[in-house]
file my_file_9.tsv (TSV, C-alpha atoms)
chain	number	residue	atom	x	y	z
T	1	MET	CA	0.00	0.00	0.00
T	2	LYS	CA	1.21	3.46	-0.88
T	3	ASN	CA	-1.88	5.62	-1.40
T	4	ILE	CA	-4.34	6.19	1.40
T	5	LEU	CA	-7.71	7.93	1.13
T	6	ILE	CA	-9.37	9.05	4.38
T	7	ILE	CA	-13.01	10.07	4.12
T	8	HIS	CA	-13.94	12.37	7.00
T	9	ALA	CA	-17.72	11.89	7.08
T	10	HIS	CA	-18.74	14.07	10.01
T	11	ASN	CA	-21.41	16.64	9.26
T	12	PRO	CA	-20.95	19.70	11.53
T	13	SER	CA	-23.95	20.89	13.52
T	14	ASP	CA	-24.69	22.93	16.63
T	15	PHE	CA	-25.08	19.66	18.52
T	16	SER	CA	-21.79	18.19	17.29
T	17	LYS	CA	-18.90	20.24	15.93
T	18	GLY	CA	-16.88	17.18	14.93
T	19	GLU	CA	-13.77	17.67	17.03
T	20	LEU	CA	-13.37	13.97	17.82
T	21	ASN	CA	-13.70	12.74	14.25
T	22	THR	CA	-11.36	15.48	13.08
T	23	HIS	CA	-8.89	14.45	15.77
T	24	MET	CA	-9.09	10.77	14.80
T	25	THR	CA	-8.67	11.70	11.13
T	26	THR	CA	-5.52	13.64	12.00
T	27	LEU	CA	-4.12	10.74	14.04
T	28	ILE	CA	-4.71	8.32	11.18
T	29	GLU	CA	-3.15	10.73	8.69
T	30	GLN	CA	-0.08	11.21	10.90
T	31	TRP	CA	0.34	7.46	11.39
T	32	PHE	CA	0.33	6.80	7.65
T	33	ASN	CA	2.68	9.72	7.01
T	34	GLN	CA	5.08	8.24	9.55
T	35	GLN	CA	4.97	4.99	7.58
T	36	GLY	CA	5.96	6.93	4.44
T	37	HIS	CA	2.65	6.71	2.59
T	38	ASP	CA	0.74	9.34	0.63
T	39	VAL	CA	-2.50	10.45	2.24
T	40	GLU	CA	-5.46	12.33	0.78
T	41	ILE	CA	-8.42	13.47	2.87
T	42	THR	CA	-11.93	14.13	1.65
T	43	HIS	CA	-14.48	15.93	3.83
T	44	SER	CA	-17.81	14.70	2.55
T	45	ALA	CA	-19.67	17.66	4.11
T	46	GLN	CA	-17.55	20.09	2.07
T	47	ASN	CA	-17.42	20.80	-1.64
T	48	TYR	CA	-15.96	17.99	-3.73
T	49	ASP	CA	-15.61	17.11	-7.38
T	50	VAL	CA	-17.19	13.78	-8.31
T	51	ALA	CA	-14.60	12.93	-10.97
T	52	GLU	CA	-11.76	13.70	-8.56
T	53	GLU	CA	-13.33	11.52	-5.88
T	54	LEU	CA	-13.58	8.62	-8.31
T	55	GLU	CA	-9.90	9.08	-9.18
T	56	LYS	CA	-9.00	9.07	-5.49
T	57	HIS	CA	-10.82	5.76	-5.01
T	58	GLN	CA	-9.16	4.24	-8.05
T	59	LYS	CA	-5.72	5.34	-6.88
T	60	ALA	CA	-6.15	4.33	-3.24
T	61	ASP	CA	-4.68	1.13	-1.86
T	62	LEU	CA	-6.70	1.70	1.32
T	63	VAL	CA	-9.81	3.76	2.02
T	64	VAL	CA	-10.47	4.70	5.65
T	65	LEU	CA	-13.97	5.88	6.51
T	66	GLN	CA	-13.85	8.01	9.66
T	67	THR	CA	-17.41	8.67	10.73
T	68	PRO	CA	-19.68	9.27	13.68
T	69	VAL	CA	-22.68	6.98	13.98
T	70	ASN	CA	-25.79	9.10	13.57
T	71	TRP	CA	-29.10	7.31	14.11
T	72	MET	CA	-27.51	3.91	13.49
T	73	GLY	CA	-25.80	4.98	10.27
T	74	VAL	CA	-23.61	7.53	8.56
T	75	PRO	CA	-24.35	11.29	8.44
T	76	TRP	CA	-26.61	12.54	5.69
T	77	SER	CA	-23.85	14.44	3.90
T	78	TYR	CA	-21.86	11.22	3.45
T	79	LYS	CA	-25.00	9.47	2.18
T	80	LYS	CA	-25.28	12.31	-0.37
T	81	TYR	CA	-21.60	11.75	-1.24
T	82	MET	CA	-22.33	8.06	-1.83
T	83	ASP	CA	-25.37	8.84	-3.96
T	84	GLU	CA	-23.36	11.21	-6.13
T	85	VAL	CA	-19.88	9.66	-6.26
T	86	TYR	CA	-20.64	5.96	-6.03
T	87	THR	CA	-23.51	6.13	-8.51
T	88	ALA	CA	-21.21	7.92	-10.96
T	89	GLY	CA	-18.70	5.10	-10.50
T	90	MET	CA	-21.01	2.37	-11.78
T	91	GLY	CA	-19.78	2.83	-15.35
T	92	GLY	CA	-16.44	1.21	-14.57
T	93	ALA	CA	-14.59	3.50	-12.18
T	94	LEU	CA	-15.85	1.51	-9.18
T	95	CYS	CA	-17.90	-1.28	-10.75
T	96	LEU	CA	-19.39	-2.38	-14.04
T	97	GLY	CA	-23.09	-2.17	-13.42
T	98	ASP	CA	-24.56	-4.58	-10.89
T	99	GLY	CA	-22.66	-7.71	-11.90
T	100	ARG	CA	-25.42	-9.35	-13.93
T	101	SER	CA	-24.95	-9.83	-17.67
T	102	GLY	CA	-28.10	-11.82	-18.42
T	103	SER	CA	-31.35	-13.18	-17.05
T	104	GLU	CA	-29.78	-16.38	-15.73
T	105	ASP	CA	-27.08	-14.92	-13.51
T	106	ASN	CA	-29.04	-13.18	-10.74
T	107	HIS	CA	-26.81	-14.92	-8.21
T	108	MET	CA	-23.93	-12.77	-9.49
T	109	TYR	CA	-25.56	-9.54	-8.35
T	110	GLY	CA	-22.92	-7.24	-6.84
T	111	SER	CA	-19.95	-9.08	-8.35
T	112	SER	CA	-18.64	-6.52	-10.84
T	113	GLY	CA	-16.48	-4.38	-8.55
T	114	THR	CA	-13.29	-3.04	-10.12
T	115	LEU	CA	-11.38	-2.26	-6.89
T	116	LYS	CA	-10.44	-5.83	-6.01
T	117	LYS	CA	-6.94	-4.85	-4.87
T	118	THR	CA	-8.22	-2.09	-2.59
T	119	HIS	CA	-8.76	-2.47	1.14
T	120	TYR	CA	-11.01	-0.42	3.38
T	121	MET	CA	-11.38	0.17	7.11
T	122	LEU	CA	-14.23	1.66	9.12
T	123	SER	CA	-13.34	3.91	12.06
T	124	LEU	CA	-16.48	4.78	14.00
T	125	THR	CA	-17.44	6.96	16.96
T	126	PHE	CA	-20.48	5.96	19.04
T	127	ASN	CA	-22.51	7.53	21.79
T	128	ALA	CA	-23.47	3.93	22.63
T	129	PRO	CA	-21.33	2.20	25.26
T	130	GLU	CA	-19.32	-0.83	24.22
T	131	VAL	CA	-21.40	-3.11	26.47
T	132	ALA	CA	-24.43	-2.39	24.27
T	133	PHE	CA	-22.91	-4.62	21.57
T	134	GLU	CA	-22.40	-8.39	21.46
T	135	ASN	CA	-24.47	-8.69	24.62
T	136	LYS	CA	-27.68	-10.70	24.36
T	137	ASP	CA	-29.03	-8.97	27.47
T	138	ALA	CA	-28.57	-5.48	26.04
T	139	PHE	CA	-31.87	-3.71	25.33
T	140	LEU	CA	-31.26	-2.30	21.86
T	141	PHE	CA	-28.81	-4.45	19.89
T	142	THR	CA	-29.69	-7.81	21.55
T	143	GLY	CA	-26.32	-9.43	20.88
T	144	LYS	CA	-25.57	-7.76	17.55
T	145	SER	CA	-22.05	-6.46	16.83
T	146	VAL	CA	-20.82	-3.14	15.47
T	147	ASP	CA	-20.25	-4.83	12.11
T	148	ASP	CA	-23.79	-6.22	12.17
T	149	LEU	CA	-25.05	-2.65	12.52
T	150	PHE	CA	-22.80	-1.50	9.67
T	151	TYR	CA	-23.50	-4.47	7.41
T	152	PRO	CA	-25.00	-2.23	4.67
T	153	MET	CA	-21.82	-0.15	4.56
T	154	HIS	CA	-19.71	-3.29	4.29
T	155	MET	CA	-21.92	-4.40	1.38
T	156	ASN	CA	-21.44	-1.05	-0.35
T	157	PHE	CA	-17.67	-1.52	-0.35
T	158	LYS	CA	-17.99	-5.19	-1.30
T	159	PHE	CA	-20.09	-4.08	-4.28
T	160	PHE	CA	-16.93	-2.33	-5.52
T	161	GLY	CA	-14.78	-5.42	-4.91
T	162	MET	CA	-13.02	-3.93	-1.89
T	163	ASN	CA	-11.55	-5.98	0.96
T	164	ALA	CA	-12.38	-5.30	4.61
T	165	LEU	CA	-9.88	-4.72	7.38
T	166	PRO	CA	-11.12	-5.02	10.97
T	167	THR	CA	-13.35	-2.19	12.16
T	168	PHE	CA	-12.22	0.27	14.85
T	169	ALA	CA	-14.70	1.99	17.16
T	170	CYS	CA	-14.75	4.53	19.97
T	171	PHE	CA	-17.65	4.12	22.39
T	172	ASP	CA	-19.58	6.30	24.85
T	173	VAL	CA	-17.99	9.43	23.42
T	174	LEU	CA	-20.61	11.85	24.76
T	175	LYS	CA	-21.30	10.69	28.31
T	176	ASN	CA	-18.02	9.00	29.17
T	177	PRO	CA	-15.28	9.96	26.69
T	178	GLN	CA	-11.93	8.21	27.02
T	179	ILE	CA	-9.95	10.10	24.39
T	180	LYS	CA	-6.42	9.15	25.48
T	181	ALA	CA	-7.37	5.48	25.73
T	182	ASP	CA	-9.09	5.65	22.33
T	183	GLU	CA	-5.98	7.23	20.80
T	184	ALA	CA	-3.84	4.39	22.13
T	185	ARG	CA	-6.32	1.76	20.94
T	186	LEU	CA	-6.43	3.32	17.48
T	187	ILE	CA	-2.66	3.24	17.09
T	188	ALA	CA	-2.56	-0.34	18.36
T	189	HIS	CA	-5.31	-1.26	15.88
T	190	LEU	CA	-3.39	0.27	12.98
T	191	ASN	CA	-0.20	-1.47	14.06
T	192	GLN	CA	-1.92	-4.83	14.37
T	193	HIS	CA	-4.29	-4.84	11.41
T	194	VAL	CA	-2.99	-2.29	8.88
T	195	LEU	CA	0.79	-2.34	9.23
T	196	PRO	CA	1.10	-5.96	8.00
T	197	LYS	CA	-0.84	-4.98	4.85
T	198	LEU	CA	1.46	-2.01	4.33
T	199	LYS	CA	4.40	-4.42	4.47
T	200	GLY	CA	2.72	-6.79	2.04
T	201	GLU	CA	2.26	-9.58	4.58
call {"tool": "encode", "arguments": {"input": "my_file_9.tsv", "output": "structure tokens"}}
result
Amino acid sequence: MKNILIIHAHNPSDFSKGELNTHMTTLIEQWFNQQGHDVEITHSAQNYDVAEELEKHQKADLVVLQTPVNWMGVPWSYKKYMDEVYTAGMGGALCLGDGRSGSEDNHMYGSSGTLKKTHYMLSLTFNAPEVAFENKDAFLFTGKSVDDLFYPMHMNFKFFGMNALPTFACFDVLKNPQIKADEARLIAHLNQHVLPKLKGE
């Protein structure tokens, strides 16, 4: 891996200015720079050029999505980004249609991604505490994991042929933030799960 694209998906509001996601984006950028890799950052809530974003995805060896979890999903401005950029990529930049070439191959739906050498990683910030996940006694998620919640996002990237790296998450960031501990966990996560890919292992 040499080219890294970080998508900063926070949408600023009076309720949430985005300091944490900006901070985590900066930490990730600095870590990759220290490894000697080229990093580009897109802020999906800011102005962007669709053609340039497609080029960034095509060039990237790894795409990192840094996003808060808003109402069990990504912010609306990143959804708009997906609708505009990813739809424009269906002509070959990201995939070749939906993977079906005839009436008899419906089972191949989603198989035409063109980014088969590209990896991606989700980095998420939650108000929910960690104990809310993978706990059958928890009220809301009833044993489901973070990746269960973000299954649609994983499928979006799989649609483009991309390969998942383990997800990173910060929990309880509003009521009980643990920023220093989250920083250390993020660096450990990158060292454990991303560094081997950078070295071609």
call {"tool": "atom_distance", "arguments": {"input": "my_file_9.tsv", "atom1": "atom CA of Ala128 of chain T", "atom2": "atom CA of Asp172 of chain T"}}
result
5.1 Å
call {"tool": "closest_residue", "arguments": {"input": "my_file_9.tsv", "among": "T:Phe139, T:Tyr109, T:Tyr120, T:Phe32", "to": "Val64 of chain T", "atoms": "all atoms listed in the file"}}
result
T:Tyr120
call {"tool": "closest_residue", "arguments": {"input": "my_file_9.tsv", "among": "T:Glu84, T:Glu19, T:Asp182, T:Asp98", "to": "Asp49 of chain T", "atoms": "all atoms listed in the file"}}
result
T:Glu84
call {"tool": "residues_around", "arguments": {"input": "my_file_9.tsv", "residues": "Met72 of chain T", "least_positions_apart": "2", "cutoff": "12 Å", "atoms": "only C-alpha atoms", "output": "PyMOL selection string"}}
result
chain T and resi 67-70+74-76+124-128+140-141+146-153
call {"tool": "write_last_selection", "arguments": {"input": "my_file_9.tsv", "atoms": "C-alpha atoms", "output": "mmCIF file, in the coordinates of the input"}}
result
data_model
loop_
_atom_site.group_PDB
_atom_site.id
_atom_site.type_symbol
_atom_site.label_atom_id
_atom_site.label_comp_id
_atom_site.auth_asym_id
_atom_site.auth_seq_id
_atom_site.Cartn_x
_atom_site.Cartn_y
_atom_site.Cartn_z
ATOM 1 C CA THR T 67 -17.410 8.670 10.730
ATOM 2 C CA PRO T 68 -19.680 9.270 13.680
ATOM 3 C CA VAL T 69 -22.680 6.980 13.980
ATOM 4 C CA ASN T 70 -25.790 9.100 13.570
ATOM 5 C CA VAL T 74 -23.610 7.530 8.560
ATOM 6 C CA PRO T 75 -24.350 11.290 8.440
ATOM 7 C CA TRP T 76 -26.610 12.540 5.690
ATOM 8 C CA LEU T 124 -16.480 4.780 14.000
ATOM 9 C CA THR T 125 -17.440 6.960 16.960
ATOM 10 C CA PHE T 126 -20.480 5.960 19.040
ATOM 11 C CA ASN T 127 -22.510 7.530 21.790
ATOM 12 C CA ALA T 128 -23.470 3.930 22.630
ATOM 13 C CA LEU T 140 -31.260 -2.300 21.860
ATOM 14 C CA PHE T 141 -28.810 -4.450 19.890
ATOM 15 C CA VAL T 146 -20.820 -3.140 15.470
ATOM 16 C CA ASP T 147 -20.250 -4.830 12.110
ATOM 17 C CA ASP T 148 -23.790 -6.220 12.170
ATOM 18 C CA LEU T 149 -25.050 -2.650 12.520
ATOM 19 C CA PHE T 150 -22.800 -1.500 9.670
ATOM 20 C CA TYR T 151 -23.500 -4.470 7.410
ATOM 21 C CA PRO T 152 -25.000 -2.230 4.670
ATOM 22 C CA MET T 153 -21.820 -0.150 4.560
#
call {"tool": "closest_residue", "arguments": {"input": "my_file_9.tsv", "among": "T:Lys117, T:Lys144, T:Trp31, T:Thr25", "to": "Ala188 of chain T", "atoms": "all atoms listed in the file"}}
result
T:Trp31
call {"tool": "atom_distance", "arguments": {"input": "my_file_9.tsv", "atom1": "atom CA of Leu195 of chain T", "atom2": "atom CA of Phe160 of chain T"}}
result
23.1 Å
call {"tool": "residues_around", "arguments": {"input": "my_file_9.tsv", "residues": "Val39 of chain T", "least_positions_apart": "3", "cutoff": "8 Å", "atoms": "only C-alpha atoms", "output": "list in words"}}
result
Asn3, Ile4, Leu5, Ile6, Glu29, Phe32 and Asn33 of chain T
call {"tool": "atom_distance", "arguments": {"input": "my_file_9.tsv", "atom1": "atom CA of Ile28 of chain T", "atom2": "atom CA of Thr87 of chain T"}}
result
27.3 Å
call {"tool": "closest_residue", "arguments": {"input": "my_file_9.tsv", "among": "T:Leu20, T:Thr114, T:Glu104, T:Gly73", "to": "Lys59 of chain T", "atoms": "only C-alpha atoms"}}
result
T:Thr114
call {"tool": "closest_residue", "arguments": {"input": "my_file_9.tsv", "among": "T:Lys175, T:Gly91, T:Gln35, T:Asn21", "to": "Pro196 of chain T", "atoms": "all atoms listed in the file"}}
result
T:Gln35
call {"tool": "closest_residue", "arguments": {"input": "my_file_9.tsv", "among": "T:Asn156, T:Gln46, T:Ser101, T:Asn106", "to": "Met82 of chain T", "atoms": "all atoms listed in the file"}}
result
T:Asn156
call {"tool": "residues_around", "arguments": {"input": "my_file_9.tsv", "residues": "Ala93 of chain T", "least_positions_apart": "5", "cutoff": "8 Å", "atoms": "all atoms listed in the file", "output": "PyMOL selection string"}}
result
chain T and resi 54-55+58+114
call {"tool": "residues_around", "arguments": {"input": "my_file_9.tsv", "residues": "Ala51 of chain T", "least_positions_apart": "5", "cutoff": "9 Å", "atoms": "all atoms listed in the file", "output": "PyMOL selection string"}}
result
chain T and resi 56+85+88-89
call {"tool": "residues_around", "arguments": {"input": "my_file_9.tsv", "residues": "Asn163 of chain T", "least_positions_apart": "5", "cutoff": "9 Å", "atoms": "all atoms listed in the file", "output": "PyMOL selection string"}}
result
chain T and resi 115-121+157-158
